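The next block holds one structure in the form of structure tokens; read it before the comments.
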Amino acid sequence: MPLSRIITLIVGLIVILGLCLWLIDSFSRLYWQFSYSAPLLGNLLLLLMILFVGALIAAFVYYVFVIQAGENRRRRRRERPSVQIPAAKSEAASSTLEAVRQQVAQIQDEVTRQALLSKSREIETNLTRGEIQVVIFGTGSAGKTSLVNAVMGRVVGKVNAPMGTTRVGETYCLRLKGLERKILITDTPGILEAGVAGTEREQLAREMATEANLLLFVVDNDIRQSEYEPLRALAEIGKRSLLVLNKSDLYTDEDKEAILARLRQRVRGFIAPSDVVAIAANPQSVKLENSEIFQPEPEIFPLLRRMAAILRAEGEDLVADNILLQSVRLGEEARKLIDAQRRRQADKIVDRFQWIGAGVVSVTPLPVVDLLATAAVNAQMVVEIGRVYGCELNMENAKELALSLAKTLASLGIVKGALQLLTTALQLNVATFIVGRVIQGVTAAYLTRIAGKSFIEYFRHDQDWGDGGMTEVVQRQFQLNRRDEFIKIFIQQAIARVVQPLADKAEVVEYDEEVEN
């Protein structure tokens with residue numbers, strides 16, 4: 001009972017008790033006056049007093065426990081957000097879809113862009129139609145199709161089928177009393193099937209499960225690790241799930257309860273104990289004494305009762321939550337595609353400027369390798385990378401960023417390390433007399449690449465170097481770009497773009513000198 005009602009009850013009882021004492025005292029005096037002269041009138045007066053006090057008490061109790069309770073219920077109905085929450089989530093989903101369309105417009109690949117637009121239209125249609133999608137998910141031949149048969153009350157697929165029978169998702173419509181929305185029940189292919197075809201069917205089943213409003217995960221015994229992982233993953237993305245122990249008729253009551261207890265223990269934390277139920281969708285037939293075969297009725301009432309309770313209480317929220325989830329997932333997919341597209345464009349910019357930098361340094365070699373010599377080149381690279389990520393930088397700011405990163409490269413010893421690494425690699429691939437002339441240019445190209453890759457990470461994360469700062473990003477890029485497989489490819493490109501042109505130029509100069517002599 002609420003504290004306010006308890007206080008009201010106590011105060012009211014004190015007032016009534018005081019009033020009753022006063023009335024009893026007053027009426028007792030009147031009663032003794034009339035009892036000698038007019039006994040009948042005195043008794044009538046006593047009766048009226050009792051009726052009045054009883055009516056007063058009854059009126060007070062009625063107010064406290066009936067009227068006030070009714071007012072509280074009306075107040076809770078007015079304040080209850082259950083109607084507003086789905087509306088707010090639907091509005092959020094619509095806003096997210098609009099943002100996704102704006103993102104999709106930036107995707108250059110026409111096929112990919114149209115595919116994402118088609119998905120957004122499907123989500124928008126579901127937002128308007130608002131059907132509840134129940135997806136049955138689990139291992140092959142765990143009894144999923146039998147469960148659909150039992151729920152629908154008619155045969156909609158083969159039962160006791162071998163693994164791999166349900167090759168595509170099959171959907172059936174169901175109406176539930178007290179629920180306006182249509183319920184679509186989808187039987188999915190089994191997971192954990194062997195072969196390439198089994199893997200493809202499992203991928204289809206997982207995709208369908210992620211689009212469900214309510215998921216029925218079917219097992220026929222204690223859950224295995226291979227079953228637990230997809231169930232846990234689906235729960236983590238927000239899928240409302242029921243864990244269904246099918247074929248319970250194969251176990252004794254004690255064994256069934258033991259299995260249910262283990263299942264509830266294993267999924268504790270992401271599936272409530274009440275959402276773990278046992279059924280027998282297609283009980284085994286029994287041979288009677290007269291040799292007749294008796295087929296028991298499916299025992300699925302616990303599941304139907306729990307489904308009905310969930311859909312009636314949470315159906316609106318489940319639809320709104322799922323639409324919002326699908327909208328967010330589509331937005332994430334669009335962002336990943338745009339990020340990949342931008343990275344390809346930015347990588348081309350880095351590839352172009354690293355060889356420009358190499359050319360600048362090779363033509364005018366310095367006593368030592370110094371990335372500051374290519375500051376103007378790197379600043380222009382920063383400007384172009386920023387433009388790819390929608391950030392317009394002026395040349396002054398870009399030069400400051402380039403110089404700051406160049407100093408970081410030097411302070412970390414990466415310039416010296418790159419020089420040693422590339423000198424060794426070039427000596428193994430190029431004649432010794434050429435190495436001295438090209439090492440600075442090739443090293444400048446390599447350092448420009450590390451700088452460019454670092455700036456890509458900077459712009460990818462909204463001009464933020466992250467918790468580790470510029471130092472951590474630069475070190476990570478150096479480690480990624482010093483692997484043997486990359487160095488081999490880089491040296492081959494350096495030979496073609498830097499070494500060979502310088503060698504050709506040297507041959508031309510020697511030829512001209514011979515001609516002059």
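As shown in the structure tokens, the chain order sets the letters A, B, ...; within each chain, residues go from 1, and ligands are also counted from 1 in the order they appear.
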
- Item | strand (DSSP E or B) residues, from DSSP on the backbone, in stretch 209-424 of chain A, as a list in words |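 The strand (DSSP E or B) subset of stretch 209-424 of chain A is Leu214, Leu215, Leu216, Phe217, Val218, Val219, Arg240, Ser241, Leu242, Leu243, Val244, Leu245, Val276, Val277, Ala278, Ala280, Val286, Lys287, Ile293, Phe294 and Glu299 of chain A.
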
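Proximity to A:Phe353 at 8 Å, evaluated using only C-alpha atoms and with sequence-adjacent residues fewer than 6 positions away removed, yields Val377, Asn378, Met381, Ala445 and Thr448 of chain A.
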
Write a file of the selected residues as a PDB file, in the first residue's frame, keeping N, CA and C atoms.
```
ATOM      1  N   VAL A 377      54.445  19.089 -49.856  1.00  0.00           N
ATOM      2  CA  VAL A 377      53.798  17.953 -50.513  1.00  0.00           C
ATOM      3  C   VAL A 377      52.851  17.254 -49.553  1.00  0.00           C
ATOM      4  N   ASN A 378      53.323  17.012 -48.333  1.00  0.00           N
ATOM      5  CA  ASN A 378      52.495  16.313 -47.346  1.00  0.00           C
ATOM      6  C   ASN A 378      51.306  17.157 -46.898  1.00  0.00           C
ATOM      7  N   MET A 381      48.702  16.696 -49.364  1.00  0.00           N
ATOM      8  CA  MET A 381      48.113  15.371 -49.162  1.00  0.00           C
ATOM      9  C   MET A 381      47.082  15.404 -48.037  1.00  0.00           C
ATOM     10  N   ALA A 445      59.367   8.396 -49.504  1.00  0.00           N
ATOM     11  CA  ALA A 445      58.088   7.829 -49.945  1.00  0.00           C
ATOM     12  C   ALA A 445      57.476   6.962 -48.848  1.00  0.00           C
ATOM     13  N   THR A 448      56.230   9.147 -46.034  1.00  0.00           N
ATOM     14  CA  THR A 448      55.001   9.831 -46.474  1.00  0.00           C
ATOM     15  C   THR A 448      53.826   8.872 -46.418  1.00  0.00           C
TER      16      THR A 448
END
```

- Query: So how many Å separate atom CA of A:Leu325 and atom CA of A:Gln114, to one decimal?
  - Reply: 20.6 Å

- So, counting only C-alpha atoms, which residue among A:Glu131, A:Glu289, A:Glu193, A:Glu332 is closest to A:Cys173? A:Glu131

Need the shell around A:Leu337: protein/DNA/RNA residues with any atom at most 10 Å away, counting only C-alpha atoms. Skip same-chain ones fewer than 5 positions apart. Format as an mmCIF file with C-alpha atoms, in the first residue's frame?
```
data_model
loop_
_atom_site.group_PDB
_atom_site.id
_atom_site.type_symbol
_atom_site.label_atom_id
_atom_site.label_comp_id
_atom_site.auth_asym_id
_atom_site.auth_seq_id
_atom_site.Cartn_x
_atom_site.Cartn_y
_atom_site.Cartn_z
ATOM 1 C CA GLN A 103 24.238 8.277 -46.382
ATOM 2 C CA VAL A 104 23.289 5.883 -49.166
ATOM 3 C CA GLN A 106 27.025 9.106 -51.061
ATOM 4 C CA ILE A 107 27.702 5.509 -52.166
ATOM 5 C CA GLN A 108 29.154 5.485 -55.659
ATOM 6 C CA ASP A 109 28.436 1.870 -56.579
ATOM 7 C CA THR A 112 25.018 -1.356 -53.743
ATOM 8 C CA ARG A 113 23.189 1.939 -53.483
ATOM 9 C CA GLY A 331 22.764 2.702 -41.090
ATOM 10 C CA GLU A 332 25.814 0.812 -39.817
ATOM 11 C CA ARG A 342 36.552 6.727 -48.575
ATOM 12 C CA ARG A 343 39.504 4.569 -47.582
#
```

- Query: Which residue out of A:Ala425, A:Val134, A:Ile279, A:Leu97 has the minimum interatomic distance to A:Lys182 when only C-alpha atoms are used?
  - Reply: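 Between A:Ala425, A:Val134, A:Ile279, A:Leu97, the residue approaching A:Lys182 most closely is A:Val134.
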
- Item | Counting only C-alpha atoms, the option among A:Ala313, A:Trp355, A:Leu260, A:Ala375 closest to A:Ile495 |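 Comparing A:Ala313, A:Trp355, A:Leu260, A:Ala375 against A:Ile495, the winner is A:Trp355.
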
- Task: Point out the residue among A:Ala197, A:Val267, A:Met208, A:Ile185 with the least atom-to-atom distance to A:Tyr228, counting only C-alpha atoms.
- Result: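 That would be A:Val267, the residue with the smallest distance to A:Tyr228.
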